[in-house]
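Trainee: Just one file: target_13.tsv, with TSV, C-alpha atoms and all ligand atoms.
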```
chain	number	residue	atom	x	y	z
A	106	MET	CA	37.79	-30.16	-59.12
A	107	LYS	CA	38.12	-32.89	-61.78
A	108	SER	CA	35.46	-32.72	-64.50
A	109	SER	CA	34.34	-36.22	-63.56
A	110	LYS	CA	33.25	-34.82	-60.22
A	111	ILE	CA	31.78	-31.52	-61.44
A	112	ILE	CA	28.73	-33.06	-63.10
A	113	PRO	CA	27.40	-34.87	-59.99
A	114	PHE	CA	28.17	-31.73	-57.94
A	115	LEU	CA	26.21	-29.54	-60.36
A	116	PHE	CA	23.41	-32.12	-60.37
A	117	VAL	CA	23.14	-31.88	-56.60
A	118	LEU	CA	23.13	-28.09	-56.82
A	119	LEU	CA	20.35	-28.27	-59.40
A	120	ILE	CA	18.27	-30.44	-57.07
A	121	PHE	CA	18.54	-27.90	-54.28
A	122	ALA	CA	17.84	-24.99	-56.60
A	123	CYS	CA	14.61	-26.62	-57.79
A	124	SER	CA	13.45	-27.52	-54.31
A	125	ASP	CA	9.91	-26.59	-53.28
A	126	SER	CA	9.46	-22.83	-53.43
A	127	ASN	CA	7.84	-22.91	-50.03
A	128	SER	CA	10.95	-21.31	-48.62
A	129	THR	CA	10.41	-17.87	-47.24
A	130	GLY	CA	12.56	-16.37	-49.94
A	131	ASN	CA	14.09	-14.06	-47.42
A	132	GLY	CA	17.27	-16.06	-46.97
A	133	GLU	CA	16.24	-17.60	-43.69
A	134	GLU	CA	16.98	-21.28	-43.02
A	135	GLU	CA	14.01	-23.49	-43.83
A	136	ASN	CA	14.42	-25.62	-40.70
A	137	LEU	CA	13.24	-22.89	-38.31
A	138	GLU	CA	10.22	-23.43	-36.07
A	139	PRO	CA	7.11	-22.72	-38.19
A	140	SER	CA	5.87	-19.17	-37.68
A	141	LEU	CA	4.12	-16.44	-39.61
A	142	ARG	CA	7.56	-15.07	-40.34
A	143	ASN	CA	9.07	-18.13	-41.95
A	144	SER	CA	6.18	-20.32	-43.13
A	145	PRO	CA	4.07	-18.23	-45.53
A	146	THR	CA	5.44	-17.76	-49.05
A	147	PHE	CA	4.96	-14.00	-48.78
A	148	PRO	CA	5.53	-11.37	-46.09
A	149	VAL	CA	3.03	-11.19	-43.26
A	150	GLY	CA	3.02	-7.80	-41.60
A	151	PHE	CA	1.39	-5.85	-38.81
A	152	ALA	CA	0.43	-2.24	-38.29
A	153	ILE	CA	1.93	-1.03	-35.03
A	154	GLN	CA	2.51	2.11	-33.00
A	155	GLN	CA	5.83	3.37	-31.68
A	156	GLN	CA	4.78	2.59	-28.11
A	157	HIS	CA	4.47	-1.08	-29.06
A	158	LEU	CA	8.19	-1.24	-29.76
A	159	ASN	CA	8.82	-0.58	-26.06
A	160	ASN	CA	6.57	-3.45	-25.00
A	161	GLY	CA	8.19	-6.89	-24.78
A	162	ASN	CA	4.94	-8.69	-25.51
A	163	TYR	CA	4.56	-6.90	-28.84
A	164	VAL	CA	8.24	-7.23	-29.68
A	165	ASN	CA	8.18	-10.98	-29.03
A	166	ILE	CA	5.25	-11.36	-31.39
A	167	LEU	CA	6.80	-9.15	-34.06
A	168	ARG	CA	10.11	-11.00	-33.93
A	169	GLU	CA	8.23	-14.30	-34.27
A	170	ASP	CA	5.66	-13.31	-36.87
A	171	ALA	CA	6.44	-10.10	-38.76
A	172	ARG	CA	8.40	-9.82	-41.99
A	173	SER	CA	6.89	-6.39	-42.60
A	174	LEU	CA	5.79	-3.42	-40.52
A	175	SER	CA	3.43	-0.54	-41.23
A	176	ALA	CA	3.03	2.43	-38.90
A	177	GLU	CA	-0.62	2.58	-37.89
A	178	TYR	CA	-0.48	6.39	-37.77
A	179	GLU	CA	2.98	7.73	-36.99
A	180	MET	CA	4.38	7.88	-40.51
A	181	LYS	CA	1.57	10.10	-41.75
A	182	MET	CA	2.04	13.72	-42.68
A	183	ASN	CA	0.15	15.15	-39.69
A	184	ILE	CA	2.65	13.42	-37.38
A	185	LEU	CA	5.84	13.89	-39.41
A	186	TYR	CA	5.11	17.47	-40.47
A	187	PRO	CA	3.07	18.87	-37.58
A	188	SER	CA	3.98	22.48	-38.31
A	189	SER	CA	5.47	24.43	-41.18
A	190	SER	CA	8.63	24.84	-39.14
A	191	GLY	CA	9.93	21.41	-40.06
A	192	ILE	CA	9.72	17.65	-40.39
A	193	ASN	CA	9.89	15.38	-37.35
A	194	TYR	CA	11.89	12.29	-38.37
A	195	GLU	CA	11.83	10.59	-34.97
A	196	PRO	CA	8.86	8.26	-35.56
A	197	ILE	CA	10.32	6.86	-38.76
A	198	ASN	CA	13.75	6.51	-37.13
A	199	ASN	CA	12.20	4.53	-34.29
A	200	PHE	CA	10.39	2.16	-36.64
A	201	LEU	CA	13.53	1.69	-38.71
A	202	GLU	CA	15.69	1.06	-35.65
A	203	TYR	CA	13.52	-1.95	-34.77
A	204	ALA	CA	13.13	-3.07	-38.39
A	205	GLU	CA	16.81	-2.98	-39.26
A	206	LEU	CA	17.77	-4.81	-36.08
A	207	ASN	CA	15.20	-7.48	-36.83
A	208	ASP	CA	15.49	-7.89	-40.61
A	209	THR	CA	11.96	-6.60	-41.09
A	210	ARG	CA	10.60	-4.68	-44.06
A	211	VAL	CA	9.03	-1.27	-43.51
A	212	HIS	CA	6.08	-0.31	-45.69
A	213	GLY	CA	5.52	3.43	-45.47
A	214	HIS	CA	1.95	4.56	-44.86
A	215	ALA	CA	1.12	7.13	-46.24
A	216	LEU	CA	2.72	10.09	-47.98
A	217	ILE	CA	-0.60	11.73	-48.91
A	218	TRP	CA	-3.92	11.00	-47.20
A	219	HIS	CA	-6.72	13.53	-46.92
A	220	SER	CA	-7.40	12.38	-43.34
A	221	SER	CA	-3.86	13.00	-42.12
A	222	THR	CA	-3.13	16.40	-43.57
A	223	PRO	CA	-1.64	18.63	-40.89
A	224	GLY	CA	-3.90	21.49	-39.90
A	225	TRP	CA	-1.48	24.20	-41.01
A	226	LEU	CA	-1.44	22.71	-44.53
A	227	GLU	CA	-5.16	22.02	-44.59
A	228	ASN	CA	-5.72	25.72	-43.96
A	229	PHE	CA	-2.81	26.94	-46.09
A	230	SER	CA	-3.40	30.51	-47.22
A	231	GLY	CA	-0.60	30.81	-49.74
A	232	SER	CA	-0.84	30.25	-53.48
A	233	ASP	CA	-1.55	26.93	-55.11
A	234	SER	CA	2.00	26.78	-56.46
A	235	GLU	CA	3.39	27.44	-52.99
A	236	PHE	CA	1.16	24.63	-51.70
A	237	GLU	CA	2.45	22.29	-54.40
A	238	SER	CA	6.05	23.15	-53.57
A	239	ILE	CA	5.46	22.29	-49.93
A	240	VAL	CA	3.99	18.91	-50.86
A	241	GLU	CA	6.75	18.21	-53.38
A	242	ASN	CA	9.52	19.14	-50.97
A	243	TYR	CA	7.93	16.98	-48.26
A	244	ILE	CA	7.70	13.89	-50.46
A	245	ARG	CA	11.19	14.33	-51.88
A	246	ASP	CA	12.63	14.92	-48.40
A	247	ILE	CA	10.99	11.92	-46.70
A	248	VAL	CA	11.64	9.50	-49.58
A	249	SER	CA	15.25	10.56	-50.20
A	250	THR	CA	16.09	10.65	-46.49
A	251	TYR	CA	15.12	6.98	-46.18
A	252	LYS	CA	16.26	5.86	-49.62
A	253	GLY	CA	17.11	2.17	-49.51
A	254	ARG	CA	15.76	1.74	-45.97
A	255	ILE	CA	12.00	1.93	-46.57
A	256	ALA	CA	10.93	-0.66	-49.14
A	257	SER	CA	7.67	0.89	-50.27
A	258	TRP	CA	5.16	3.66	-49.64
A	259	ASP	CA	1.47	4.13	-49.98
A	260	VAL	CA	2.15	7.25	-52.02
A	261	VAL	CA	-1.51	8.27	-52.10
A	262	ASN	CA	-4.21	6.78	-49.89
A	263	GLU	CA	-7.97	6.93	-50.62
A	264	ALA	CA	-8.06	9.46	-53.46
A	265	PHE	CA	-11.57	8.54	-54.63
A	266	SER	CA	-14.94	9.18	-53.02
A	267	ASP	CA	-17.27	6.39	-51.99
A	268	GLY	CA	-19.98	5.36	-54.37
A	269	SER	CA	-19.10	7.77	-57.15
A	270	GLY	CA	-15.52	7.27	-58.20
A	271	GLU	CA	-15.11	11.04	-58.17
A	272	TYR	CA	-11.86	12.45	-56.87
A	273	ARG	CA	-12.19	13.28	-53.19
A	274	ASN	CA	-12.40	17.04	-52.76
A	275	SER	CA	-9.29	17.06	-50.57
A	276	VAL	CA	-7.11	20.09	-50.14
A	277	PHE	CA	-4.65	18.40	-52.52
A	278	TYR	CA	-7.35	18.16	-55.18
A	279	GLN	CA	-8.54	21.70	-54.54
A	280	LYS	CA	-5.04	23.18	-54.81
A	281	MET	CA	-3.46	20.93	-57.47
A	282	GLY	CA	-6.32	19.24	-59.28
A	283	GLU	CA	-6.18	15.50	-60.00
A	284	THR	CA	-2.53	15.88	-61.06
A	285	TYR	CA	-1.53	15.79	-57.38
A	286	ILE	CA	-1.66	12.01	-57.58
A	287	GLU	CA	0.64	11.53	-60.55
A	288	LYS	CA	3.00	14.24	-59.30
A	289	ALA	CA	3.30	12.48	-55.93
A	290	PHE	CA	4.19	9.21	-57.66
A	291	GLN	CA	6.72	10.94	-59.93
A	292	TRP	CA	8.36	12.84	-57.08
A	293	ALA	CA	8.66	9.67	-55.03
A	294	ARG	CA	10.16	7.74	-57.95
A	295	GLU	CA	12.69	10.52	-58.63
A	296	ALA	CA	13.67	10.61	-54.95
A	297	ASP	CA	14.27	6.85	-54.74
A	298	PRO	CA	14.26	4.92	-58.06
A	299	ASP	CA	14.12	1.61	-56.17
A	300	LEU	CA	11.19	2.49	-53.94
A	301	LEU	CA	8.01	0.50	-54.60
A	302	LEU	CA	5.10	2.88	-55.12
A	303	PHE	CA	1.59	1.83	-54.09
A	304	TYR	CA	-1.86	3.31	-54.46
A	305	ASN	CA	-3.90	2.23	-51.40
A	306	ASP	CA	-7.65	2.33	-50.84
A	307	TYR	CA	-10.61	0.66	-49.17
A	308	GLY	CA	-13.86	-0.53	-50.68
A	309	THR	CA	-12.28	-1.22	-54.05
A	310	ILE	CA	-13.62	-4.77	-53.92
A	311	TYR	CA	-17.31	-3.93	-53.55
A	312	ASP	CA	-17.59	-0.27	-54.65
A	313	GLN	CA	-17.55	-0.61	-58.42
A	314	ASP	CA	-17.49	3.13	-59.08
A	315	LYS	CA	-14.44	3.58	-56.88
A	316	TYR	CA	-12.80	0.48	-58.33
A	317	LEU	CA	-13.31	1.56	-61.93
A	318	ALA	CA	-11.97	5.02	-61.11
A	319	MET	CA	-8.84	3.36	-59.72
A	320	ILE	CA	-8.50	1.17	-62.81
A	321	ARG	CA	-8.88	4.22	-65.09
A	322	MET	CA	-6.15	5.97	-63.13
A	323	ILE	CA	-3.84	2.95	-63.37
A	324	ASP	CA	-4.42	2.57	-67.10
A	325	ASP	CA	-3.83	6.28	-67.63
A	326	PHE	CA	-0.63	6.12	-65.56
A	327	GLN	CA	0.65	3.14	-67.49
A	328	ASP	CA	-0.23	4.75	-70.82
A	329	ARG	CA	1.69	7.91	-69.89
A	330	GLY	CA	4.62	6.29	-68.08
A	331	ILE	CA	3.63	7.58	-64.63
A	332	PRO	CA	5.35	5.17	-62.20
A	333	ILE	CA	3.24	2.85	-60.07
A	334	ASP	CA	4.28	-0.58	-58.79
A	335	GLY	CA	1.33	-1.89	-56.84
A	336	VAL	CA	-2.11	-1.56	-55.34
A	337	GLY	CA	-3.04	-1.86	-51.70
A	338	PHE	CA	-6.45	-3.36	-51.02
A	339	GLN	CA	-6.99	-2.37	-47.39
A	340	MET	CA	-9.17	-5.46	-46.70
A	341	HIS	CA	-11.21	-4.17	-43.80
A	342	VAL	CA	-13.62	-7.05	-44.27
A	343	SER	CA	-16.21	-9.07	-42.39
A	344	TYR	CA	-16.26	-12.83	-41.95
A	345	ASN	CA	-19.00	-12.99	-44.57
A	346	PHE	CA	-18.40	-9.96	-46.83
A	347	PRO	CA	-17.17	-9.32	-49.46
A	348	SER	CA	-17.23	-12.73	-51.13
A	349	LEU	CA	-14.04	-14.46	-52.16
A	350	GLU	CA	-15.30	-14.24	-55.74
A	351	ALA	CA	-15.55	-10.46	-55.43
A	352	ILE	CA	-12.02	-10.34	-54.03
A	353	GLU	CA	-10.68	-12.46	-56.89
A	354	ASN	CA	-12.55	-10.37	-59.48
A	355	ALA	CA	-11.05	-7.17	-58.07
A	356	VAL	CA	-7.50	-8.49	-57.77
A	357	GLN	CA	-7.12	-10.23	-61.12
A	358	PRO	CA	-7.24	-7.07	-63.32
A	359	ILE	CA	-4.48	-5.60	-61.14
A	360	LEU	CA	-2.35	-8.68	-61.75
A	361	ASP	CA	-3.22	-8.50	-65.47
A	362	ARG	CA	-1.67	-5.01	-65.43
A	363	GLY	CA	1.54	-6.38	-63.97
A	364	LEU	CA	1.13	-4.70	-60.58
A	365	MET	CA	1.83	-6.10	-57.14
A	366	VAL	CA	-1.05	-6.60	-54.72
A	367	HIS	CA	-0.77	-5.81	-51.01
A	368	PHE	CA	-3.60	-6.76	-48.68
A	369	SER	CA	-2.52	-3.79	-46.66
A	370	GLU	CA	-4.84	-3.41	-43.64
A	371	LEU	CA	-6.49	-6.76	-42.98
A	372	ASP	CA	-8.93	-7.03	-40.14
A	373	ILE	CA	-11.99	-9.28	-40.05
A	374	ARG	CA	-15.22	-8.26	-38.30
A	375	VAL	CA	-16.61	-11.45	-36.78
A	376	ASN	CA	-19.46	-9.65	-35.03
A	377	PRO	CA	-20.78	-7.17	-37.57
A	378	GLU	CA	-24.35	-7.74	-36.40
A	379	GLY	CA	-23.38	-7.15	-32.76
A	380	GLU	CA	-24.73	-10.55	-31.75
A	381	GLN	CA	-22.56	-11.63	-28.80
A	382	VAL	CA	-20.65	-10.12	-25.92
A	383	ASP	CA	-17.73	-12.54	-25.80
A	384	PHE	CA	-15.38	-14.12	-28.30
A	385	ASN	CA	-16.86	-17.61	-28.45
A	386	ALA	CA	-16.16	-20.70	-30.55
A	387	GLU	CA	-18.51	-19.49	-33.30
A	388	PHE	CA	-16.59	-16.24	-33.66
A	389	SER	CA	-13.29	-18.09	-33.57
A	390	ASN	CA	-14.50	-20.39	-36.33
A	391	ARG	CA	-15.63	-17.41	-38.40
A	392	LEU	CA	-12.25	-15.75	-38.08
A	393	THR	CA	-10.33	-18.92	-38.87
A	394	ALA	CA	-12.44	-19.76	-41.90
A	395	ARG	CA	-12.08	-16.27	-43.33
A	396	VAL	CA	-8.32	-16.17	-42.71
A	397	GLU	CA	-7.96	-19.54	-44.41
A	398	GLU	CA	-10.05	-18.29	-47.34
A	399	ILE	CA	-8.11	-15.05	-47.80
A	400	PHE	CA	-4.65	-16.53	-47.29
A	401	GLY	CA	-5.64	-19.58	-49.36
A	402	TYR	CA	-6.50	-17.33	-52.29
A	403	TYR	CA	-3.60	-14.91	-51.83
A	404	ARG	CA	-1.03	-17.69	-51.94
A	405	THR	CA	-2.24	-18.58	-55.44
A	406	ILE	CA	-1.25	-15.16	-56.77
A	407	PRO	CA	1.99	-15.43	-58.79
A	408	GLY	CA	4.97	-14.79	-56.53
A	409	GLN	CA	6.21	-11.63	-58.21
A	410	TYR	CA	2.88	-9.93	-57.46
A	411	ARG	CA	2.49	-11.05	-53.80
A	412	TYR	CA	3.64	-8.01	-51.81
A	413	GLY	CA	2.17	-9.45	-48.66
A	414	ILE	CA	-0.67	-9.40	-46.18
A	415	THR	CA	-0.54	-6.83	-43.36
A	416	PHE	CA	-2.85	-7.15	-40.37
A	417	TRP	CA	-4.14	-3.80	-39.16
A	418	GLY	CA	-3.07	-4.33	-35.59
A	419	VAL	CA	-1.62	-7.14	-33.49
A	420	LYS	CA	-4.21	-7.92	-30.85
A	421	ASP	CA	-7.96	-7.38	-30.66
A	422	ASP	CA	-7.95	-4.35	-28.39
A	423	ASP	CA	-5.57	-2.60	-30.82
A	424	THR	CA	-8.27	-2.43	-33.43
A	425	TRP	CA	-9.61	0.87	-34.67
A	426	LEU	CA	-12.85	-0.95	-35.47
A	427	ARG	CA	-14.10	-0.89	-31.90
A	428	ASP	CA	-14.18	2.87	-31.89
A	429	PHE	CA	-15.23	3.27	-35.49
A	430	TRP	CA	-18.25	0.97	-35.19
A	431	GLN	CA	-18.78	1.86	-31.51
A	432	ASN	CA	-18.81	-1.81	-30.76
A	433	GLN	CA	-16.34	-2.96	-28.15
A	434	ASN	CA	-17.44	-6.51	-28.85
A	435	GLU	CA	-15.35	-7.05	-31.94
A	436	TRP	CA	-12.41	-9.44	-32.27
A	437	PRO	CA	-10.93	-8.92	-35.78
A	438	LEU	CA	-7.25	-9.82	-35.32
A	439	ILE	CA	-5.23	-13.00	-34.82
A	440	TYR	CA	-4.04	-12.33	-31.28
A	441	ASP	CA	-6.37	-11.92	-28.31
A	442	GLU	CA	-6.20	-9.16	-25.73
A	443	ASN	CA	-3.73	-11.22	-23.68
A	444	PHE	CA	-1.27	-11.52	-26.57
A	445	GLN	CA	-2.31	-15.13	-27.10
A	446	PRO	CA	-2.47	-16.42	-30.68
A	447	LYS	CA	-5.90	-17.53	-31.84
A	448	GLU	CA	-6.79	-20.63	-33.83
A	449	ALA	CA	-6.68	-18.45	-36.95
A	450	HIS	CA	-3.01	-17.80	-36.28
A	451	GLN	CA	-2.21	-21.50	-36.19
A	452	ALA	CA	-4.38	-22.10	-39.24
A	453	ILE	CA	-2.09	-19.85	-41.30
A	454	ILE	CA	0.99	-21.77	-40.18
A	455	ASP	CA	-0.69	-25.11	-40.84
A	456	MET	CA	-1.70	-23.96	-44.32
A	457	PHE	CA	1.93	-23.60	-45.31
A	458	ALA	CA	3.27	-26.65	-43.52
A	459	ASP	CA	4.80	-29.09	-46.03
B	501	LIG	O1	-1.58	7.29	-29.07
B	501	LIG	C1	-2.12	8.61	-28.97
B	501	LIG	C2	-2.40	8.95	-27.52
B	501	LIG	O2	-1.16	9.00	-26.82
B	501	LIG	C3	-3.09	10.30	-27.44
B	501	LIG	O3	-3.43	10.59	-26.08
B	501	LIG	C4	-4.36	10.26	-28.29
B	501	LIG	C5	-5.12	11.56	-28.28
B	501	LIG	O4	-4.41	12.49	-29.06
B	501	LIG	O5	-4.01	9.97	-29.66
B	501	LIG	C6	-3.41	8.69	-29.76
B	501	LIG	O6	-3.06	8.47	-31.11
B	501	LIG	C7	-4.18	8.19	-31.96
B	501	LIG	C8	-3.88	6.85	-32.65
B	501	LIG	O7	-4.87	6.56	-33.62
B	501	LIG	C9	-3.79	5.69	-31.66
B	501	LIG	O8	-5.06	5.51	-31.06
B	501	LIG	C10	-4.25	9.29	-33.01
B	501	LIG	O9	-4.62	10.50	-32.40
B	501	LIG	C11	-5.25	8.90	-34.08
B	501	LIG	O10	-5.23	9.85	-35.15
B	501	LIG	C12	-4.89	7.55	-34.66
B	501	LIG	O11	-5.89	7.17	-35.60
B	501	LIG	C13	-5.43	6.31	-36.65
B	501	LIG	C14	-6.11	6.77	-37.94
B	501	LIG	O12	-5.77	5.89	-39.03
B	501	LIG	C15	-5.67	8.18	-38.31
B	501	LIG	O13	-4.28	8.19	-38.53
B	501	LIG	C16	-5.81	4.87	-36.34
B	501	LIG	O14	-5.02	4.39	-35.25
B	501	LIG	C17	-5.55	3.98	-37.55
B	501	LIG	O15	-6.03	2.66	-37.33
B	501	LIG	C18	-6.23	4.55	-38.80
B	501	LIG	O16	-5.82	3.74	-39.87
B	501	LIG	C19	-6.46	4.04	-41.13
B	501	LIG	C20	-5.42	3.88	-42.23
B	501	LIG	O17	-4.36	4.80	-42.01
B	501	LIG	C21	-6.05	4.10	-43.60
B	501	LIG	N1	-7.15	3.16	-43.81
B	501	LIG	C22	-8.20	3.27	-42.76
B	501	LIG	C23	-7.59	3.02	-41.38
B	501	LIG	C24	-8.65	3.09	-40.32
B	501	LIG	O18	-9.16	4.39	-40.24
```
Can you dump the structure from the file as structure tokens?
Mentor:
Amino acid sequence: MKSSKIIPFLFVLLIFACSDSNSTGNGEEENLEPSLRNSPTFPVGFAIQQQHLNNGNYVNILREDARSLSAEYEMKMNILYPSSSGINYEPINNFLEYAELNDTRVHGHALIWHSSTPGWLENFSGSDSEFESIVENYIRDIVSTYKGRIASWDVVNEAFSDGSGEYRNSVFYQKMGETYIEKAFQWAREADPDLLLFYNDYGTIYDQDKYLAMIRMIDDFQDRGIPIDGVGFQMHVSYNFPSLEAIENAVQPILDRGLMVHFSELDIRVNPEGEQVDFNAEFSNRLTARVEEIFGYYRTIPGQYRYGITFWGVKDDDTWLRDFWQNQNEWPLIYDENFQPKEAHQAIIDMFAD
């Protein structure tokens, strides 16, 4: 190409390269129909169960909306390692089969969680060092087996007690002391140097003791070179709590430490006071306003720290909240029980429309 033509050509290239960064960043054409998959400037994900991947209604939604998947329960230790006789890889393989066919990220949840320790390990009668070897071998096995195929893991979930910031007295803590956390992160890093390692918890926006304990752990890790890449704020919130200010005040110090932030389990109680028995316009408005508030803030986080927002379920009757709060009249997700998108769903798309 003659030099007289290179300059205009390069100029045109430059224009395209500097175009609005509203592209999805995942290599997809920008002229696709707006959706949660290709409109937001960060991955939107959903927690699902294996059975959902055999249901066309779920699959249609996931193909349309999901750039990330979390397993609601089937990638936890009690499912993958149900007995000391061996690891069951089938659940992960099933999630990855869908994800790799549909260019969707898989966020692993969770390598260690006190609530999903298999019974045989919870009641382990061997020595502490034998216990530690089992945990180490499990983490190294799972992470290395799926090296390059699972983008990230919640390496440790909910290590701190509510309202005190003390370490939970889990079997991991009892057998290994607080070092179980750093060892889990180190083992995972050694098994897959490219894996993104998250610490995930709830209540770290409004429980100052728990939050400060997490910050102390992060600072200690960073001082000692213990690998950690991000923090998951579970975001099991209500339409009116915690405040956006509290969310911003909790997130900013994580960004200041150069860590990614994942809103990892978003659901929004619109009926925390148990007022109504049907999802009416008021509840819809509450959900939409809160979604707009949370997504509106999250999009302002610098791009390199936006790991994404994952809804903890697809449609309202998926939600764990109905059982947990013993209130069947709760509608915390962006699809209704008939797989229909709510106004809040459209509000997210509209927010990112040029
Ligand atoms: O699907 C099976 C069903 O076939 C079987 O008959 C039934 C009885 O055994 O179990 C059903 O699976 C249950 C699953 O939820 C789906 O309902 C599991 O036993 C049950 O353990 C599982 O609970 C999950 C829980 O974590 C424990 O893993 C919830 O779905 C899930 O929403 C919840 O998620 C946690 C996050 O991991 C961490 N943050 C808090 C969040 C809510 O507790």
Trainee: For range 181-195 of chain A, work out the shell of residues within 6 Å, counting all atoms listed in the file and skipping chain neighbours fewer than 3 positions away, then give it as a list in words.
Mentor: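 After dropping sequence-adjacent residues, the list is Tyr178, Asn198, Ala215, Ser221, Thr222 and Pro223 of chain A.
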Trainee: Report as a list in words all protein, DNA and RNA residues lying within 8 Å of range 275-278 of chain A, evaluated on all atoms listed in the file, omitting residues in the same chain fewer than 5 positions from it.
Mentor: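 Residues near the query, excluding close chain neighbours: His219, Glu227, Glu283, Thr284 and Tyr285 of chain A.
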Trainee: Between CA of Val261 in chain A and CA of Ile406 in chain A, measure the distance and give it in Å to one decimal.
Mentor: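 A separation of 23.9 Å between them.
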Trainee: Please extract the residues at most 9 Å from ligand LIG 501 (chain B), counting all atoms listed in the file, and provide them as a PyMOL selection string, using the chain letters and residue numbers of this document.
Mentor: chain A and resi 152-156+176-181+183-184+214-215+218+220-221+262-263+305-307+339+341+369-370+417-418+423-426+429
Trainee: Those residues you just picked out, can you put them in a file as a PDB file, in the coordinates of the input with C-alpha atoms?
Mentor:
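Saved result, result.pdb, follows:
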```pdb
ATOM      1  CA  ALA A 152       0.430  -2.240 -38.290  1.00  0.00           C
ATOM      2  CA  ILE A 153       1.930  -1.030 -35.030  1.00  0.00           C
ATOM      3  CA  GLN A 154       2.510   2.110 -33.000  1.00  0.00           C
ATOM      4  CA  GLN A 155       5.830   3.370 -31.680  1.00  0.00           C
ATOM      5  CA  GLN A 156       4.780   2.590 -28.110  1.00  0.00           C
ATOM      6  CA  ALA A 176       3.030   2.430 -38.900  1.00  0.00           C
ATOM      7  CA  GLU A 177      -0.620   2.580 -37.890  1.00  0.00           C
ATOM      8  CA  TYR A 178      -0.480   6.390 -37.770  1.00  0.00           C
ATOM      9  CA  GLU A 179       2.980   7.730 -36.990  1.00  0.00           C
ATOM     10  CA  MET A 180       4.380   7.880 -40.510  1.00  0.00           C
ATOM     11  CA  LYS A 181       1.570  10.100 -41.750  1.00  0.00           C
ATOM     12  CA  ASN A 183       0.150  15.150 -39.690  1.00  0.00           C
ATOM     13  CA  ILE A 184       2.650  13.420 -37.380  1.00  0.00           C
ATOM     14  CA  HIS A 214       1.950   4.560 -44.860  1.00  0.00           C
ATOM     15  CA  ALA A 215       1.120   7.130 -46.240  1.00  0.00           C
ATOM     16  CA  TRP A 218      -3.920  11.000 -47.200  1.00  0.00           C
ATOM     17  CA  SER A 220      -7.400  12.380 -43.340  1.00  0.00           C
ATOM     18  CA  SER A 221      -3.860  13.000 -42.120  1.00  0.00           C
ATOM     19  CA  ASN A 262      -4.210   6.780 -49.890  1.00  0.00           C
ATOM     20  CA  GLU A 263      -7.970   6.930 -50.620  1.00  0.00           C
ATOM     21  CA  ASN A 305      -3.900   2.230 -51.400  1.00  0.00           C
ATOM     22  CA  ASP A 306      -7.650   2.330 -50.840  1.00  0.00           C
ATOM     23  CA  TYR A 307     -10.610   0.660 -49.170  1.00  0.00           C
ATOM     24  CA  GLN A 339      -6.990  -2.370 -47.390  1.00  0.00           C
ATOM     25  CA  HIS A 341     -11.210  -4.170 -43.800  1.00  0.00           C
ATOM     26  CA  SER A 369      -2.520  -3.790 -46.660  1.00  0.00           C
ATOM     27  CA  GLU A 370      -4.840  -3.410 -43.640  1.00  0.00           C
ATOM     28  CA  TRP A 417      -4.140  -3.800 -39.160  1.00  0.00           C
ATOM     29  CA  GLY A 418      -3.070  -4.330 -35.590  1.00  0.00           C
ATOM     30  CA  ASP A 423      -5.570  -2.600 -30.820  1.00  0.00           C
ATOM     31  CA  THR A 424      -8.270  -2.430 -33.430  1.00  0.00           C
ATOM     32  CA  TRP A 425      -9.610   0.870 -34.670  1.00  0.00           C
ATOM     33  CA  LEU A 426     -12.850  -0.950 -35.470  1.00  0.00           C
ATOM     34  CA  PHE A 429     -15.230   3.270 -35.490  1.00  0.00           C
TER      35      PHE A 429
END
```
Trainee: Taking into account all atoms listed in the file, which residue in the set A:Leu167, A:Leu349, A:Val382, A:Leu137 is nearest to Gln433 in chain A?
Mentor: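 Result for the nearest residue to Gln433 in chain A: A:Val382.
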Trainee: Within 12 Å of (8.4, 11.7, -62.6), all atoms listed in the file: residues as a list in words?
Mentor: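 Checked against the point, the hits come out as Glu241, Arg245, Thr284, Tyr285, Ile286, Glu287, Lys288, Ala289, Phe290, Gln291, Trp292, Ala293, Arg294, Glu295, Ala296, Asp297, Pro298, Phe326, Arg329, Gly330, Ile331, Pro332 and Ile333 of chain A.
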Trainee: May I have the selected residues written with C-alpha atoms, as a compact mmCIF listing (two decimals), keeping the file's coordinate frame?
Mentor:
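Saved to result_13.txt:
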```
# COMPACT_ATOMS: atom_id res chain seq x y z
CA GLU A 241 6.75 18.21 -53.38
CA ARG A 245 11.19 14.33 -51.88
CA THR A 284 -2.53 15.88 -61.06
CA TYR A 285 -1.53 15.79 -57.38
CA ILE A 286 -1.66 12.01 -57.58
CA GLU A 287 0.64 11.53 -60.55
CA LYS A 288 3.00 14.24 -59.30
CA ALA A 289 3.30 12.48 -55.93
CA PHE A 290 4.19 9.21 -57.66
CA GLN A 291 6.72 10.94 -59.93
CA TRP A 292 8.36 12.84 -57.08
CA ALA A 293 8.66 9.67 -55.03
CA ARG A 294 10.16 7.74 -57.95
CA GLU A 295 12.69 10.52 -58.63
CA ALA A 296 13.67 10.61 -54.95
CA ASP A 297 14.27 6.85 -54.74
CA PRO A 298 14.26 4.92 -58.06
CA PHE A 326 -0.63 6.12 -65.56
CA ARG A 329 1.69 7.91 -69.89
CA GLY A 330 4.62 6.29 -68.08
CA ILE A 331 3.63 7.58 -64.63
CA PRO A 332 5.35 5.17 -62.20
CA ILE A 333 3.24 2.85 -60.07
```
Trainee: What gap, in Å, lies between CA of Glu448 in chain A and CA of Thr415 in chain A?
Mentor: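 Result for CA of Glu448 in chain A versus CA of Thr415 in chain A: 17.9 Å, one decimal.
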Trainee: Using all atoms listed in the file, which of the listed residues (A:Gly282, A:Pro145, A:Gly268, A:Pro139) sits closest to Gly401 in chain A?
Mentor: A:Pro145
